[in-house]
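Comments concern the structure below.
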Amino acid sequence: MTGTTTRPAGPEQLRSRIAAELERTRARTALLTEAVDEADLTRQHSPLMSPLVWDLAHVGNQEELWLVRDVGGREPVRQDIDDLYDAFKQPRRDRPTLPLLPPQEARAYLLTVRDKVLDLLDRVAFTERPLVADGFAFGMIVQHEQQHDETMLATHQLRVGPAVLHAPPPPEPTAGVDGEVLVAAGEFTMGTDTDPWALDNERPAHRVHLPAYAIDAAPVTNGRYREFIADGGYDDPRWWSPAGWRHRREAELVAPMHWRRDGDGWAYRRFGRWAPVRDDEPVVHVCYHEARAYAAWAGKRLPTEAEWEKAARWDPASGRSRRYPWGDDDPTAEHANLGQRHLWPAPVGAYPAGASPLGVHQLIGDVWEWTSTPFRGHPGFTAFPYREYSEVFFGDDHRVLRGGSFGTDRAACRGTFRNWDFPIRRQIFSGFRCARDARPEESQP
Ligand SMILES: [Fe+2]
């Protein structure tokens, strides 16, 4: 049995929901691009990232391509800039040298496209055509813009200069969460057929059998990670894979990105401000190789993607998989640290209402969690609406990350949502939790 999803009651409710999501998302894009001056918008803050003004016009260009031209069948607004903002034709390192639209022109372009989209939204019939059924293409464009907003947030974290982003700190812990949760052997439903805005790589729903395993009840904290550093974890090749050790030496890794020594302890720079590293927060800005080395040092391993999803979605009482750990309802501020409401991960124990039926906490929000699984299609995968969305990234080069971070919007985060990146990347808001095989005495029913 697969998860159920609350569908909008009719086309008018769907229209107003889409309009609200488009507007909410554009407000976030505006906040991220109006917080800095024109020089900061056009500068490249890291060779890993685009100038913010590239992301800005790219968001508008994708909205034009998919909604104005494809769904609407209307005349192009700016066909001449398609190549400039094609992520496949323009590697990130080259983007600052392109004749990009200056900030004011990019903003005007986004407004023109959005006017046409709102006009189209008033008239569109949500037929059975897959691109428009349940408003899929609009949902895809909302998620695309939110994903670029998270990328722009990561660019802000790499930017040098005085702080320009402000947010209250995340909530304090209200529950004690420690140790691991044992998950019994058995089948569960992975992926989805029914979530209307789920992307191609989340589909189809399929049954997966897993042997018994244990998974950490919370993400690995800064406090635990500091023990790994203090124990010489970065200097001991025993804990690292051969590729990981090579990378650790070449990149001279000694601690998570954005950390520096601070007396006896460590400080962490977040969005232009240095703060002492807090022991009960999930560690963030570690690459897959670091996560894997920590897990080996701790006598464990990273969870597979299926183990992560079963811990997050499987409800042993009903036997079905939920949309989220807490149920099928969309996330609220009580459930998870999402949507840039806060600018760093919340301490462990801050979201008891977001725990899964098995008692696993903070799976959604806070930090993206590395899994050991290379990114591939689920069995029966079909590329939609185009191969470049996910299929061209399948293979051993990318590892899957799950659950979303404090910088991920709820529109781009579900129990089935899949992210992927190279194992050396850590400018993203990435952390992890550990897992292990169940011992024979634990596996008895
Ligand atoms: Fe994109």
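Chains: A, B, ... in order of the structure tokens. Residues: from 1 per chain. Ligands: from 1, in order shown.
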
**OP:** Would you mind listing the residues within 8 Å of ligand 1, counting only C-alpha atoms and all ligand atoms, as a list in words?
**Re:**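 Residues satisfying the distance criterion: Asp55, His58, Val59, Gln62, Ala87, His144, Glu145, Gln147 and His148 of chain A.
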
Create the file for the chosen residues now, containing N, CA and C atoms and written as an mmCIF file, in the first residue's frame.
```cif
data_model
loop_
_atom_site.group_PDB
_atom_site.id
_atom_site.type_symbol
_atom_site.label_atom_id
_atom_site.label_comp_id
_atom_site.auth_asym_id
_atom_site.auth_seq_id
_atom_site.Cartn_x
_atom_site.Cartn_y
_atom_site.Cartn_z
ATOM 1 N N ASP A 55 21.919 32.995 -11.084
ATOM 2 C CA ASP A 55 20.799 32.209 -10.529
ATOM 3 C C ASP A 55 19.479 32.946 -10.741
ATOM 4 N N HIS A 58 18.390 32.803 -14.368
ATOM 5 C CA HIS A 58 18.174 31.386 -14.712
ATOM 6 C C HIS A 58 16.807 30.908 -14.207
ATOM 7 N N VAL A 59 16.450 31.344 -12.997
ATOM 8 C CA VAL A 59 15.145 31.004 -12.426
ATOM 9 C C VAL A 59 14.027 31.516 -13.350
ATOM 10 N N GLN A 62 13.964 29.445 -16.742
ATOM 11 C CA GLN A 62 13.306 28.132 -16.619
ATOM 12 C C GLN A 62 11.787 28.300 -16.523
ATOM 13 N N ALA A 87 22.149 25.590 -17.702
ATOM 14 C CA ALA A 87 23.132 25.078 -16.734
ATOM 15 C C ALA A 87 24.050 24.031 -17.355
ATOM 16 N N HIS A 144 11.992 24.281 -8.340
ATOM 17 C CA HIS A 144 13.242 24.691 -8.974
ATOM 18 C C HIS A 144 13.739 26.012 -8.395
ATOM 19 N N GLU A 145 12.833 26.990 -8.269
ATOM 20 C CA GLU A 145 13.245 28.290 -7.723
ATOM 21 C C GLU A 145 13.686 28.139 -6.263
ATOM 22 N N GLN A 147 15.003 25.516 -4.906
ATOM 23 C CA GLN A 147 16.312 24.858 -4.874
ATOM 24 C C GLN A 147 17.421 25.859 -5.199
ATOM 25 N N HIS A 148 17.151 26.767 -6.146
ATOM 26 C CA HIS A 148 18.154 27.811 -6.416
ATOM 27 C C HIS A 148 18.257 28.782 -5.253
#
```

Write down as a PDB file with C-alpha atoms, in the first residue's frame the residues of segment 148-371 of chain A whose backbone DSSP state falls under strand (DSSP E or B).
```
ATOM      1  CA  GLU A 180      19.949   4.455  18.227  1.00  0.00           C
ATOM      2  CA  VAL A 181      16.674   2.964  17.100  1.00  0.00           C
ATOM      3  CA  LEU A 182      16.385  -0.664  16.066  1.00  0.00           C
ATOM      4  CA  VAL A 183      14.392  -1.257  12.871  1.00  0.00           C
ATOM      5  CA  GLY A 186      10.933  -6.518   6.646  1.00  0.00           C
ATOM      6  CA  GLU A 187       9.445  -4.763   3.656  1.00  0.00           C
ATOM      7  CA  PHE A 188       8.344  -1.173   3.295  1.00  0.00           C
ATOM      8  CA  THR A 189       7.190   1.055   0.431  1.00  0.00           C
ATOM      9  CA  MET A 190       9.915   3.346  -0.913  1.00  0.00           C
ATOM     10  CA  HIS A 206       8.102   0.050  -4.914  1.00  0.00           C
ATOM     11  CA  ARG A 207       8.535  -2.526  -2.158  1.00  0.00           C
ATOM     12  CA  VAL A 208      11.976  -2.914  -0.588  1.00  0.00           C
ATOM     13  CA  HIS A 209      13.010  -5.592   1.925  1.00  0.00           C
ATOM     14  CA  LEU A 210      15.691  -4.647   4.450  1.00  0.00           C
ATOM     15  CA  TYR A 213      19.414  -2.510  11.317  1.00  0.00           C
ATOM     16  CA  ALA A 214      20.018   0.214  13.871  1.00  0.00           C
ATOM     17  CA  ILE A 215      20.044   3.924  12.998  1.00  0.00           C
ATOM     18  CA  ASP A 216      20.982   6.931  15.118  1.00  0.00           C
ATOM     19  CA  THR A 221      26.379  16.497  16.622  1.00  0.00           C
ATOM     20  CA  TRP A 259      35.385  26.079  11.282  1.00  0.00           C
ATOM     21  CA  ARG A 260      38.508  27.581  12.858  1.00  0.00           C
ATOM     22  CA  ARG A 261      40.364  27.007  16.118  1.00  0.00           C
ATOM     23  CA  ASP A 262      39.136  29.224  18.943  1.00  0.00           C
ATOM     24  CA  GLY A 265      37.602  24.853  21.099  1.00  0.00           C
ATOM     25  CA  TRP A 266      36.271  25.739  17.686  1.00  0.00           C
ATOM     26  CA  ALA A 267      34.316  28.586  16.158  1.00  0.00           C
ATOM     27  CA  TYR A 268      32.026  28.364  13.141  1.00  0.00           C
ATOM     28  CA  ARG A 269      31.373  31.218  10.705  1.00  0.00           C
ATOM     29  CA  ARG A 270      27.774  31.408   9.637  1.00  0.00           C
ATOM     30  CA  ARG A 273      29.355  36.021  11.987  1.00  0.00           C
ATOM     31  CA  TRP A 274      31.698  33.863  14.063  1.00  0.00           C
ATOM     32  CA  ALA A 275      30.049  31.860  16.853  1.00  0.00           C
ATOM     33  CA  PRO A 276      31.432  29.192  19.195  1.00  0.00           C
ATOM     34  CA  PRO A 282      24.065  18.661  14.173  1.00  0.00           C
ATOM     35  CA  ARG A 301      28.605   3.083   8.790  1.00  0.00           C
ATOM     36  CA  TRP A 314       7.502   3.464   7.715  1.00  0.00           C
ATOM     37  CA  SER A 321       4.726   4.730   4.370  1.00  0.00           C
ATOM     38  CA  TYR A 324       6.710  12.783   6.291  1.00  0.00           C
ATOM     39  CA  GLY A 327       2.320  11.912   9.052  1.00  0.00           C
ATOM     40  CA  TRP A 368      20.966  17.229   4.434  1.00  0.00           C
ATOM     41  CA  GLU A 369      22.060  13.720   5.413  1.00  0.00           C
ATOM     42  CA  TRP A 370      24.626  11.806   3.374  1.00  0.00           C
ATOM     43  CA  THR A 371      23.717   8.211   2.586  1.00  0.00           C
TER      44      THR A 371
END
```

**OP:** Between A:Phe429, A:Trp308, A:Trp54, A:Trp66, single out the one closest to Arg93 of chain A, counting only C-alpha atoms.
**Re:**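 Among the listed residues, A:Trp54 lies closest to Arg93 of chain A.
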
Original post:
What is the atom CA of Arg376 of chain A-atom CA of Arg92 of chain A distance in Å, reported with one decimal?
Top reply: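 The value is 23.7 Å.
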
Original post:
What is the atom CA of Phe138 of chain A-atom CA of Arg17 of chain A distance in Å, reported with one decimal?
Top reply: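 Atom CA of Arg17 of chain A lies 10.4 Å from atom CA of Phe138 of chain A.
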
**OP:** One decimal, Å: what's the distance from atom CA of Ala217 of chain A over to atom CA of Glu281 of chain A, could you say?
**Re:**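 Between these atoms lies a distance of 13.7 Å.
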
**OP:** For Val283 of chain A, work out the shell of residues within 12 Å, counting only C-alpha atoms and skipping chain neighbours fewer than 5 positions away, then give it as a ChimeraX atom specification.
**Re:** /A:218-226,228,255-259,268,277-278,290-291,294,344-348,366-370,405,426,429-433

**OP:** Find the residues around His156 of chain A up to 12 Å (only C-alpha atoms counted), leave out those fewer than 4 positions away in its own chain, and share them as a count of residues only.
**Re:** 36

**OP:** Choose the residue, out of A:Ala175, A:Cys287, A:Ile81, A:Leu65, that has the smallest atom-to-atom separation from Gly354 of chain A; count only C-alpha atoms.
**Re:** A:Ala175
